[in-house]
Each structure stands twice: as structure tokens, then as C-alpha cells.
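Inspection log for the structure reproduced underneath, given as C-alpha cells.
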Amino acid sequence: MFQSYPGGLLLLIAVCATLLPPPTSVAAERPTIGLALSGGGARGAAHVGVLRVIEQLGIPVDYVAGTSMGSIIGGLYAMGMSPDQIEATIEEIDWNAIFRDEPPRQQRRIRRNLDDRSFLIGARPGVNEAEGEVNLVPALIQGQRLDLALRRYTMPARTIHNFDDLKIPFRAVATDAVTGGAVILGSGDLATAMRASMAVPAAFSPVEIDDQLLIDGGLAMNLPVSAVREMGADIIIAVDVGGPRRDREEINNVLEMLDQVMSLVTWRNTQESIAELRPDDVLIVPPLGREVLAADFNRMLEAIAIGVRGAEERRPELLALKRPARQPERFVAGQRLPETPMPVIDRVRIENQSRLSDDLIARRLDVPLGEPLDVNALEAQIERIFDQDNFETVHYQIEKAADEKTELVVTATEKSWGTSYLQAGLELSSASGGDSQFNIGFAYTMAPVNPLNAEWRTQFQLGEEPGLITEFYQPLDPLERWYLEAMAGYFTESLTLFEPSVSDNPKAKYLLTRAGGSLEVGRNLGHWGRLGLSYSRYGGRASLRYGDPGMRGYGFDDGALGLTFYIDTLDNVNFPRHGWAATTFATTSRTELGASRNYDQAGISVLHSRSWGPNSLLTSLRFAGTFGGEESPQSLYRLGGFLNLSGFNQNELSGANLGLARGIYLRQLGVGLVNTYAGASLELGNVWDQRSDINFDTLRVGSSLFLGADTFIGPLYFGYGLSDGGFNAIYLLLGRPWSVRWTD
């Protein structure tokens with residue numbers, strides 16, 4: 001008998017403890033294993049192949065650390081995605097679209113699409129009026145669409161803010177842009193941490209987290225061996241997918257030099273990390289070589305297969321890490337992502353960090369409360385807000401409020417470099433017949449002028465057609481359904497008159513000068529169209545530059561009411577592959593409105609583009625006529641020039657009525673920083689003074705062969721045109737002269 005009950009109980013427990021087997025733990029049974037996944041751009045997809053082999057061999061993974069693309073793959077895996085699910089995600093993503101900030105052209109505001117008809121280039125330094133500064137953008141890509149994609153795929157982990165609480169503890173590696181040191185991210189928002197880890201300098205904008213400005217982790221620690229060791233890993237499987245360095249003969253321009261510098265930096269610190277590996281660690285270097293480069297996002301599935309090969313080459317070393325037979329299955333099944341329902345949103349909160357009205361943002365959001373979140377719809381709504389062109393980022397988070405309500409928080413942050421902007425553009429057209437034109441333009445757009453996102457743009461132009469125009473655009477409601485546009489200015493236009501049927505022999509050349517303005521009110525029809533009613537009033541003069549002795553200058557007045565209807569769903573304004581574009585107009589010129597003469601004009605132009613593979617076919621019809629009255633020479637329709645009866649000089653044919661049918665074939669030759677094309681066209685049409693003259697016998701035929709390039713300063717064309725009658729011409733065009741505006 002125990003003399004003391006408590007003492008006897010303690011003695012019994014002690015005796016039993018000696019008879020029981022010692023408690024088990026992962027550390028007691030086996031060493032812990034960590035993955036270190038390097039950066040490498042598209043080459044990082046090889047990590048998926050390595051993960052697939054690791055799982056097939058039954059190797060448990062206790063920790064994951066990743067840099068840049070390694071942080072994307074590693075974060076998704078740590079969150080609970082299987083290698084097959086990650087591969088399906090890679091295949092699902094449109095990588096060309098994700099590395100652009102703005103929505104596809106078909107989803108942009110119609111105002112921005114109509115701006116494309118000018119020759120001003122898209123690059124736009126920002127202007128900060130308060131500071132009086134002109135600023136370049138911090139990076140080529142702000143990461144707007146990348147952020148949306150990361151939030152979509154990390155949605156199941158939205159409530160986890162300590163990365164140790166993921167299915168597998170995880171770390172993302174970034175670089176402090178100020179000190180250059182590595183920053184190990186182990187908490188916060190998972191999507192933001194991934195985004196910071198792959199913020200390649202100059203390519204992606206940096207990410208601010210806890211007062212640190214973070215850029216791509218590859219600059220400090222491309223292969224995060226020490227990061228995963230600090231997490232507690234006894235054995236490390238390190239996967240290096242860093243890109244190859246360029247040979248001397250491969251460094252021929254500034255972009256290739258910048259890529260080489262980045263490769264050298266990441267290569268050096270990768271070698272330092274490899275030197276930290278111990279004898280029991282395993283280094284896997286998938287044999288990517290030059291088969292898949294960092295920018296080859298269209299070849300990521302190939303990289304996955306190469307990753308499998310790379311892991312299989314290390315099969316003996318990996319087999320030594322295989323899970324013991326008695327080890328629980330949690331290292332596979334337990335790490336999988338369970339089916340997670342979409343959150344039910346109780347309320348929406350807008351954090352508007354801009355000068356636009358809250359209502360403008362709120363009216364573009366339509367999130368049903370009390371229902372599961374529709375991510376596809378939300379992303380489309382976020383893009384409509386971002387398309388206002390004032391924001392650096394528009395992102396969302398799902399938070400649990402103090403009252404346990406689920407909040408969708410949409411944060412819209414104004415551009416730090418300035419919402420107003422400068423633009424420049426160059427327009428050059430030259431034909432072998434001697435007709436040439438050169439203009440250079442500059443524009444300053446002040447935006448937003450008020451909370452409804454009004455814009456005030458002033459543009460001046462030098463060259464053959466100098467001018468100065470100021471334009472004010474005012475949306476009349478938060479959704480920009482109705483608008484008011486006022487324009488005033490002084491502008492010029494060249495008008496060349498040719499001898500009938502005698503190419504290369506200009507009869508006279510005028511410089512048309514106009515001064516005045518117009519007022520337009522209209523309705524924007526979603527992203528695809530616009531209907532506008534306008535009144536214009538100008539005083540002008542046609543000054544003779546040269547011509548027959550009998551020719552002389554003259555003055556004129558324009559006063560007209562106009563109704564215009566636009567449609568534009570083209571995917572690319574320079575070399576369209578899909579979509580429609582159309583313009584319909586009706587104008588009445590009356591002396592009561594201030595015009596010199598009474599006449600009416602109307603016309604329609606329609607273009608459709610369709611593609612298959614690298615090929616595109618554009619078909620176009622254009623008709624316009626004058627009805628009653630007598631128009632002045634400056635109001636005549638003109639044809640001639642590249643793609644508008646090729647073989648003739650630009651604007652060589654003029655008349656009161658016009659008809660043109662075109663078929664244009666394009667073949668994409670190369671895709672990259674500059675997309676290149678080869679093309680051919682067949683054109684049938686003419687101009688006529690009287691509608692009674694219109695018949696098949698009077699039609700003219702033109703054709704062309706050309707090369708084109710979609711450059712950052714605008715489309716560039718070099719072509720040869722041939723028309724009936726033996727007329728021919730060689731064309732060189734830069735920018736968007738009227739002769740290559742597809743719908744003119």
C-alpha cells in the first residue's frame with residue numbers, strides 16, 4: 001500500500017513512464033527538409049517539375065523559401081496547391097496580358113481609344129503640378145494585373161498573415177532598395193510578399209512594406225539557402241534556375257547589357273549560396289540552358305518538363321531523403337489545399353487616395369452583398385477603375401472587421417509621379433513622287449481637373465502643318481456616360497491639287513489655315529462606341545505655296561453642325577488582329593451658322609479584322625458623298641497614297657464623292673519589344689465630282705507590298721505601291737498619317 005496517496009500516484013506515473021516508448025516527433029525520426037527555390041523568370045516554372053518528382057519519391061517538405069519566380073511557385077505550393085494545380089495555373093494565365101497594366105484595348109475607355117488616332121506616342125512622363133516637377137514612371141510595369149492574378153490564386157490563404165501557419169511554413173525573399181540587403185518576408189499579405197519578391201528593377205515598380213522599399217530578391221539572395229536554413233531545415237534541396245550569362249558577341253545593345261548586369265549580380269550571390277550547402281544537401285540545376293530564357297513565358301510548360309529531368313538526375317540523392325514507411329501521410333495529403341468556398345461579402349469599403357470622387361469609384365463597383373464573391377466580375381470592375389488613368393494601383397483585400405463582418409476593401413492610390421502628363425509624337429510620310437510631310441507634336445494634359453476626371457489638353461505642332469489646339473473634356477456623370485467637349489485652336493493642313501490622270505505633277509499646293517473652335521455633346525456607349533453632336537465655327541484661308549499662274553489663294557469660313565458615330569473594338573490600332581472599327585458622320589454647312597457656302601456631307605467607313613495563327617485579314621469599305629450645294633476645295637474628299645489607292649501620291653485624287661474597298665493581308669514576322677509584319681493590299685475605288693459619274697468603268701485599282709513595325713514611337717511602314725495606268729510609288733511612313741488610319 002502507498003503510504004501517501006499523492007506520493008504513491010507520482011511513483012506509479014514514474015514507473016509507467018519507464019515502460020512506455022519515448023514520444024515520437026518529426027525531428028526525432030528524421031531530419032527536417034527545406035526547399036530553396038531560386039529566381040529566374042519564366043525558367044522558374046522548372047520548380048514545378050522538381051516538386052512533382054519530390055512528391056513522387058515520397059519526400060516530405062517541412063519548409064519552403066523562394067526568390068522572385070521561386071517565391072510564386074513556392075508560395076503556391078506552401079499554401080497547399082499540388083504541382084498539377086500549379087501547372088494548370090501557369091497554363092491558365094495569359095502571360096502577355098499579365099505584364100501589361102492597362103486593360104486590353106477592347107476594354108479601355110472609348111476616349112482613350114479615340115486618342116489612339118493621333119500620332120502622339122504612349123510614353124507619358126508625369127507632371128506633378130504642386131511640386132512643378134516632370135517625373136518619369138518608376139518602372140515600365142506597375143504590376144496592376146499581376147497583383148490581381150496573385151490575389152486570385154492566393155484567395156484561400158487570405159486570412160493567414162503568419163506564413164508559418166500555411167500548409168508548409170514559407171518565406172519570400174526581397175531586396176531593400178535602400179541598403180541592398182536581403183529582406184526575409186514571413187508575415188503579412190501573401191500576394192504582396194510574392195509581388196515584392198519579383199519586383200525586377202525598372203521592369204516592375206517597387207513595393208513598400210513596413211516603410212521598406214522592396215525590389216526583386218535576386219539582387220541580394222537569388223538562391224535562399226540561408227533563409228530556409230534559418231527556418232529550421234536540417235537538409236536543404238536547393239533548386240537553381242538562374243539564367244545563363246551572355247557571351248561577348250551576344251551583348252549588342254543597352255537591353256542586352258542590362259540583362260547581362262542583372263545576370264552577373266544574381267549569379268554571384270547564387271554561387272555564394274551554393275557554397276553554403278552541406279554534404280547532405282541536394283543541389284538541383286535543371287538543364288534549361290538556352291532552351292528557355294527568363295522572358296520566355298510562352299515556354300513555361302517546356303521548363304516544367306526540364307525541371308522533371310533535372311530532378312531525376314539527382315534521384316539517388318533524393319531517394320536518401322524518402323519518407324520512412326511509418327511516417328504519416330500528412331506530408332502529401334495533409335499539405336493539400338482543401339476546397340475553400342468564396343467569402344461572402346458583408347460590406348464594401350473604398351479607400352480613395354486620389355482627387356477623384358468616391359462616387360466615381362463606387363459606381364464602377366457592383367459587388368452583391370450577402371453572396372459569395374465573384375472574382376471574375378470584381379477584377380473587371382477593378383480594371384474599369386484603373387482605366388480612369390489616374391491611379392498607380394487599384395487593389396483589393398478581404399478583411400474581417402471588428403464586428404466580425406467580412407469587408408471587401410478597395411484601395412485606389414493616385415500616381416506618385418503625377419497624374420498630368422506630357423506627350424510627344426513624330427509623323428513622317430514620304431512618297432517617291434516627291435510629296436512628303438513631316439510634323440512633330442507636343443502635348444500637355446492636365447488631369448484630373450475636377451472630381452469627375454475632366455481633362456484639359458494643349459497641343460502644339462511644328463513642321464509642314466504647324467498648329468496650336470487646346471481641348472477641354474468634361475464627363476457629365478460619374479460613369480462618364482455623357483460628356484461635353486470644347487476645342488479651340490489654330491491649325492493648318494496641306495492641300496495638294498494634281499492634274500487629272502497625271503501623277504507626279506502637282507497643279508497647286510495650298511496651306512489651309514483655320515482658327516476657331518467647336519463644341520460637342522455626346523454619349524459614350526460603354527467601351528465600344530460614341531455618339532456626338534457638334535457645332536464648329538472657323539475662319540480660314542488657303543494660301544498658295546506654289547501653282548499655275550492662274551491659281552491664287554482665297555479665304556473661307558466654316559460653320560456647321562455635325563453628327564458622328566464611332567465604333568472601335570480593335571485589339572491594336574496600328575496592326576489590328578481582331579475587332580471592328582467604324583465611323584459614320586453627317587455634316588450640314590450653312591451660311592446661317594457662319595459658313596461661306598451651303599452644302600451637306602455624309603459618309604461611312606467600316607473595317608473588320610480577323611486572324612488565324614500569325615496571319616490577319618483586314619477588310620474595309622468607305623463611302624462618302626456631298627449632297628446639294630457647292631463645297632470649297634478644302635472640303636473635297638481625297639484619295640491616293642499608301643493603302644488608299646497605292647501607287648498614287650498621297651491625296652492625289654480629290655472629288656465631291658468617294659468610294660473605296662480594301663483587302664489587306666498581314667503576317668506577323670516577329671514578336672518582342674518590336675513586333676514586325678509583312679503585308680500586301682488590294683484596293684478598289686475612286687473619287688467623283690458627280691454621283692452620276694460613279695460606275696465600275698471609272699474605278700481605279702491600287703495594290704501594295706510592305707513591311708511594318710510596331711515601334712514605341714509609332715507604326716513604321718516601308719512599302720511599294722502600284723496602280724492601274726502604270727503609276728507607282730515607294731512609301732516611307734512613320735506615325736499615323738491619314739493614309740494608314742485604317743478607318744479613314
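Residue numbers start at 1 in each chain; chains themselves are named A, B, ... in the order of the C-alpha cells; ligands are numbered from 1 in the order shown.
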
Just the residues within 10 Å of stretch 54-56 of chain A, please, counting only C-alpha atoms, with nothing from its chain fewer than 6 positions along; format it as an MDAnalysis selection string.
chainID A and resid 48 82:83 237 308 311:312 315 318:319 321:322 331:332

So which residues touch stretch 415-418 of chain A within 6 Å, counting only C-alpha atoms, skipping near sequence neighbours fewer than 3 positions away, as a ChimeraX atom specification?
/A:126-128,135,391-392

Can you list, as a PyMOL selection string, all residues belonging to stretch 458-573 of chain A that DSSP tags as strand (DSSP E or B)?
chain A and resi 458-463+467-475+482-498+506-525+529-547+554-568

Those residues you just picked out, can you put them in a file as a compact mmCIF listing (two decimals), in the first residue's frame with C-alpha atoms?
# COMPACT_ATOMS: atom_id res chain seq x y z
CA THR A 458 -3.00 71.63 -75.04
CA GLN A 459 -1.06 70.52 -78.10
CA PHE A 460 1.23 72.36 -80.46
CA GLN A 461 2.72 71.08 -83.66
CA LEU A 462 5.71 72.09 -85.77
CA GLY A 463 6.60 71.11 -89.33
CA GLY A 467 -0.77 74.49 -85.15
CA LEU A 468 -1.90 75.06 -81.59
CA ILE A 469 -5.02 73.42 -80.13
CA THR A 470 -6.47 73.40 -76.64
CA GLU A 471 -9.23 70.97 -75.69
CA PHE A 472 -11.34 70.51 -72.57
CA TYR A 473 -13.14 67.21 -71.95
CA GLN A 474 -15.76 67.04 -69.20
CA PRO A 475 -17.63 63.87 -68.18
CA TRP A 482 -22.45 61.73 -71.10
CA TYR A 483 -19.71 64.19 -71.95
CA LEU A 484 -19.06 67.74 -73.11
CA GLU A 485 -16.02 68.60 -75.19
CA ALA A 486 -14.86 72.09 -76.16
CA MET A 487 -11.98 72.78 -78.50
CA ALA A 488 -10.34 75.97 -79.77
CA GLY A 489 -7.23 76.49 -81.78
CA TYR A 490 -5.22 77.48 -84.77
CA PHE A 491 -4.19 74.70 -87.09
CA THR A 492 -3.02 74.14 -90.62
CA GLU A 493 -3.30 71.46 -93.26
CA SER A 494 -1.56 70.88 -96.57
CA LEU A 495 -3.76 70.63 -99.64
CA THR A 496 -2.19 69.48 -102.92
CA LEU A 497 -4.17 69.54 -106.15
CA PHE A 498 -2.96 67.37 -109.03
CA PRO A 506 1.01 68.77 -108.69
CA LYS A 507 -1.08 71.60 -110.12
CA ALA A 508 -1.05 73.64 -106.92
CA LYS A 509 -0.23 73.28 -103.26
CA TYR A 510 -2.05 75.24 -100.59
CA LEU A 511 -1.57 75.68 -96.88
CA LEU A 512 -5.01 75.76 -95.27
CA THR A 513 -5.12 77.83 -92.11
CA ARG A 514 -8.05 77.69 -89.71
CA ALA A 515 -8.76 79.46 -86.43
CA GLY A 516 -11.85 78.91 -84.33
CA GLY A 517 -13.40 76.22 -82.22
CA SER A 518 -16.08 73.62 -81.70
CA LEU A 519 -18.41 72.37 -79.01
CA GLU A 520 -19.60 68.76 -78.80
CA VAL A 521 -22.01 66.98 -76.51
CA GLY A 522 -22.47 63.26 -76.69
CA ARG A 523 -22.97 59.84 -75.24
CA ASN A 524 -20.24 57.27 -74.62
CA LEU A 525 -21.57 53.79 -75.36
CA GLY A 529 -18.66 53.45 -79.17
CA ARG A 530 -19.56 57.12 -79.03
CA LEU A 531 -22.31 59.31 -80.48
CA GLY A 532 -21.62 63.04 -80.65
CA LEU A 533 -23.42 66.17 -81.83
CA SER A 534 -21.19 69.16 -82.54
CA TYR A 535 -21.15 72.74 -83.72
CA SER A 536 -17.97 74.11 -85.27
CA ARG A 537 -17.07 77.63 -86.38
CA TYR A 538 -13.80 78.54 -88.08
CA GLY A 539 -12.39 81.31 -90.20
CA GLY A 540 -9.79 80.20 -92.69
CA ARG A 541 -7.52 80.98 -95.55
CA ALA A 542 -5.99 78.89 -98.32
CA SER A 543 -2.53 80.32 -99.02
CA LEU A 544 -0.95 79.28 -102.30
CA ARG A 545 2.50 77.81 -101.79
CA TYR A 546 3.06 77.14 -105.47
CA GLY A 547 0.91 76.53 -108.55
CA TYR A 554 -8.70 82.52 -101.08
CA GLY A 555 -10.46 82.96 -97.76
CA PHE A 556 -13.31 80.86 -96.38
CA ASP A 557 -15.50 80.38 -93.33
CA ASP A 558 -16.69 77.11 -91.82
CA GLY A 559 -19.88 76.90 -89.81
CA ALA A 560 -21.51 73.50 -89.46
CA LEU A 561 -23.50 71.11 -87.35
CA GLY A 562 -22.21 67.55 -87.27
CA LEU A 563 -23.39 64.19 -86.04
CA THR A 564 -20.75 61.48 -85.61
CA PHE A 565 -20.97 57.85 -84.54
CA TYR A 566 -17.83 55.85 -83.71
CA ILE A 567 -17.32 52.15 -83.09
CA ASP A 568 -13.92 50.80 -82.05

Would you mind listing what lies within 12 Å of A:Glu339 as a ChimeraX atom specification, with only C-alpha atoms counted and same-chain residues fewer than 2 positions away left out?
/A:80-81,155-157,336-337,341-342

Export of prior selection with N, CA and C atoms as a PDB file, in the first residue's frame:
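So again.pdb came out as:
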ATOM      1  N   GLY A  80      -0.703  25.145 -50.369  1.00  0.00           N
ATOM      2  CA  GLY A  80      -1.447  23.901 -50.475  1.00  0.00           C
ATOM      3  C   GLY A  80      -1.751  23.445 -51.880  1.00  0.00           C
ATOM      4  N   MET A  81      -1.283  24.167 -52.897  1.00  0.00           N
ATOM      5  CA  MET A  81      -1.508  23.719 -54.267  1.00  0.00           C
ATOM      6  C   MET A  81      -0.597  22.536 -54.589  1.00  0.00           C
ATOM      7  N   MET A 155      -6.283  33.490 -52.832  1.00  0.00           N
ATOM      8  CA  MET A 155      -7.528  33.747 -52.116  1.00  0.00           C
ATOM      9  C   MET A 155      -7.753  32.772 -50.950  1.00  0.00           C
ATOM     10  N   PRO A 156      -7.467  31.452 -51.099  1.00  0.00           N
ATOM     11  CA  PRO A 156      -7.703  30.544 -49.969  1.00  0.00           C
ATOM     12  C   PRO A 156      -6.859  30.867 -48.733  1.00  0.00           C
ATOM     13  N   ALA A 157      -5.749  31.609 -48.919  1.00  0.00           N
ATOM     14  CA  ALA A 157      -4.883  31.947 -47.787  1.00  0.00           C
ATOM     15  C   ALA A 157      -5.085  33.384 -47.329  1.00  0.00           C
ATOM     16  N   ARG A 336      -2.334  19.392 -48.767  1.00  0.00           N
ATOM     17  CA  ARG A 336      -3.151  19.814 -49.890  1.00  0.00           C
ATOM     18  C   ARG A 336      -4.154  20.879 -49.476  1.00  0.00           C
ATOM     19  N   LEU A 337      -4.473  21.714 -50.444  1.00  0.00           N
ATOM     20  CA  LEU A 337      -5.410  22.803 -50.236  1.00  0.00           C
ATOM     21  C   LEU A 337      -6.830  22.255 -50.245  1.00  0.00           C
ATOM     22  N   PRO A 341     -14.655  27.632 -50.044  1.00  0.00           N
ATOM     23  CA  PRO A 341     -15.691  28.464 -50.683  1.00  0.00           C
ATOM     24  C   PRO A 341     -15.266  29.920 -50.736  1.00  0.00           C
ATOM     25  N   MET A 342     -15.791  30.637 -51.705  1.00  0.00           N
ATOM     26  CA  MET A 342     -15.513  32.051 -51.801  1.00  0.00           C
ATOM     27  C   MET A 342     -16.137  32.782 -50.609  1.00  0.00           C
TER      28      MET A 342
END

8 Å contact set for stretch 281-290 of chain A, only C-alpha atoms, chain neighbours under 2 positions out, as number ranges by chain:
A: 43, 46, 235-241, 243-244, 274, 277-279, 292-293, 303, 306-311, 314, 317-318

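Atom CA of A:Leu618 lies 20.0 Å from atom CA of A:Tyr731.
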
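Take the candidates A:Ile59, A:Leu682, A:Val606, A:Leu733 and check each one against A:Leu707 using only C-alpha atoms; the shortest distance goes to A:Leu733.
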
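One distance worth recording is that between atom CA of A:Gly640 and atom CA of A:Ser704, which is 12.3 Å.
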
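Distances here use only C-alpha atoms; by that measure, the residue among A:Gln634, A:Gln668, A:Ser429, A:Ser723 closest to A:Gln650 is A:Ser429.
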
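Compared by their closest atoms to A:Arg481, and using only C-alpha atoms, the residues A:Val207, A:Ile110, A:Val409, A:Leu645 rank with A:Ile110 nearest.
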
Need the shell around A:Gly603: protein/DNA/RNA residues with any atom at most 8 Å away, counting only C-alpha atoms. Skip same-chain ones fewer than 5 positions apart. Format as a VMD selection string?
chain A and resid 584 to 586 622 to 625

Would you mind exporting N, CA and C atoms of the selected residues as a PDB file, in the first residue's frame?
ATOM      1  N   THR A 584     -19.278  56.874 -88.784  1.00  0.00           N
ATOM      2  CA  THR A 584     -20.376  57.391 -89.600  1.00  0.00           C
ATOM      3  C   THR A 584     -20.566  58.860 -89.254  1.00  0.00           C
ATOM      4  N   PHE A 585     -20.694  59.701 -90.280  1.00  0.00           N
ATOM      5  CA  PHE A 585     -20.840  61.128 -89.995  1.00  0.00           C
ATOM      6  C   PHE A 585     -21.861  61.752 -90.940  1.00  0.00           C
ATOM      7  N   ALA A 586     -22.448  62.837 -90.472  1.00  0.00           N
ATOM      8  CA  ALA A 586     -23.324  63.682 -91.293  1.00  0.00           C
ATOM      9  C   ALA A 586     -23.068  65.124 -90.881  1.00  0.00           C
ATOM     10  N   ARG A 622     -15.428  52.105 -97.548  1.00  0.00           N
ATOM     11  CA  ARG A 622     -15.569  53.526 -97.217  1.00  0.00           C
ATOM     12  C   ARG A 622     -16.352  54.220 -98.321  1.00  0.00           C
ATOM     13  N   PHE A 623     -17.412  54.913 -97.919  1.00  0.00           N
ATOM     14  CA  PHE A 623     -18.225  55.682 -98.859  1.00  0.00           C
ATOM     15  C   PHE A 623     -18.511  57.047 -98.244  1.00  0.00           C
ATOM     16  N   ALA A 624     -18.476  58.083 -99.075  1.00  0.00           N
ATOM     17  CA  ALA A 624     -18.804  59.429 -98.614  1.00  0.00           C
ATOM     18  C   ALA A 624     -19.287  60.244 -99.809  1.00  0.00           C
ATOM     19  N   GLY A 625     -20.169  61.174 -99.530  1.00  0.00           N
ATOM     20  CA  GLY A 625     -20.705  61.979-100.618  1.00  0.00           C
ATOM     21  C   GLY A 625     -21.098  63.371-100.163  1.00  0.00           C
TER      22      GLY A 625
END

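The interatomic distance for the pair atom CA of A:Ile72 and atom CA of A:Asp176 works out to 18.8 Å.
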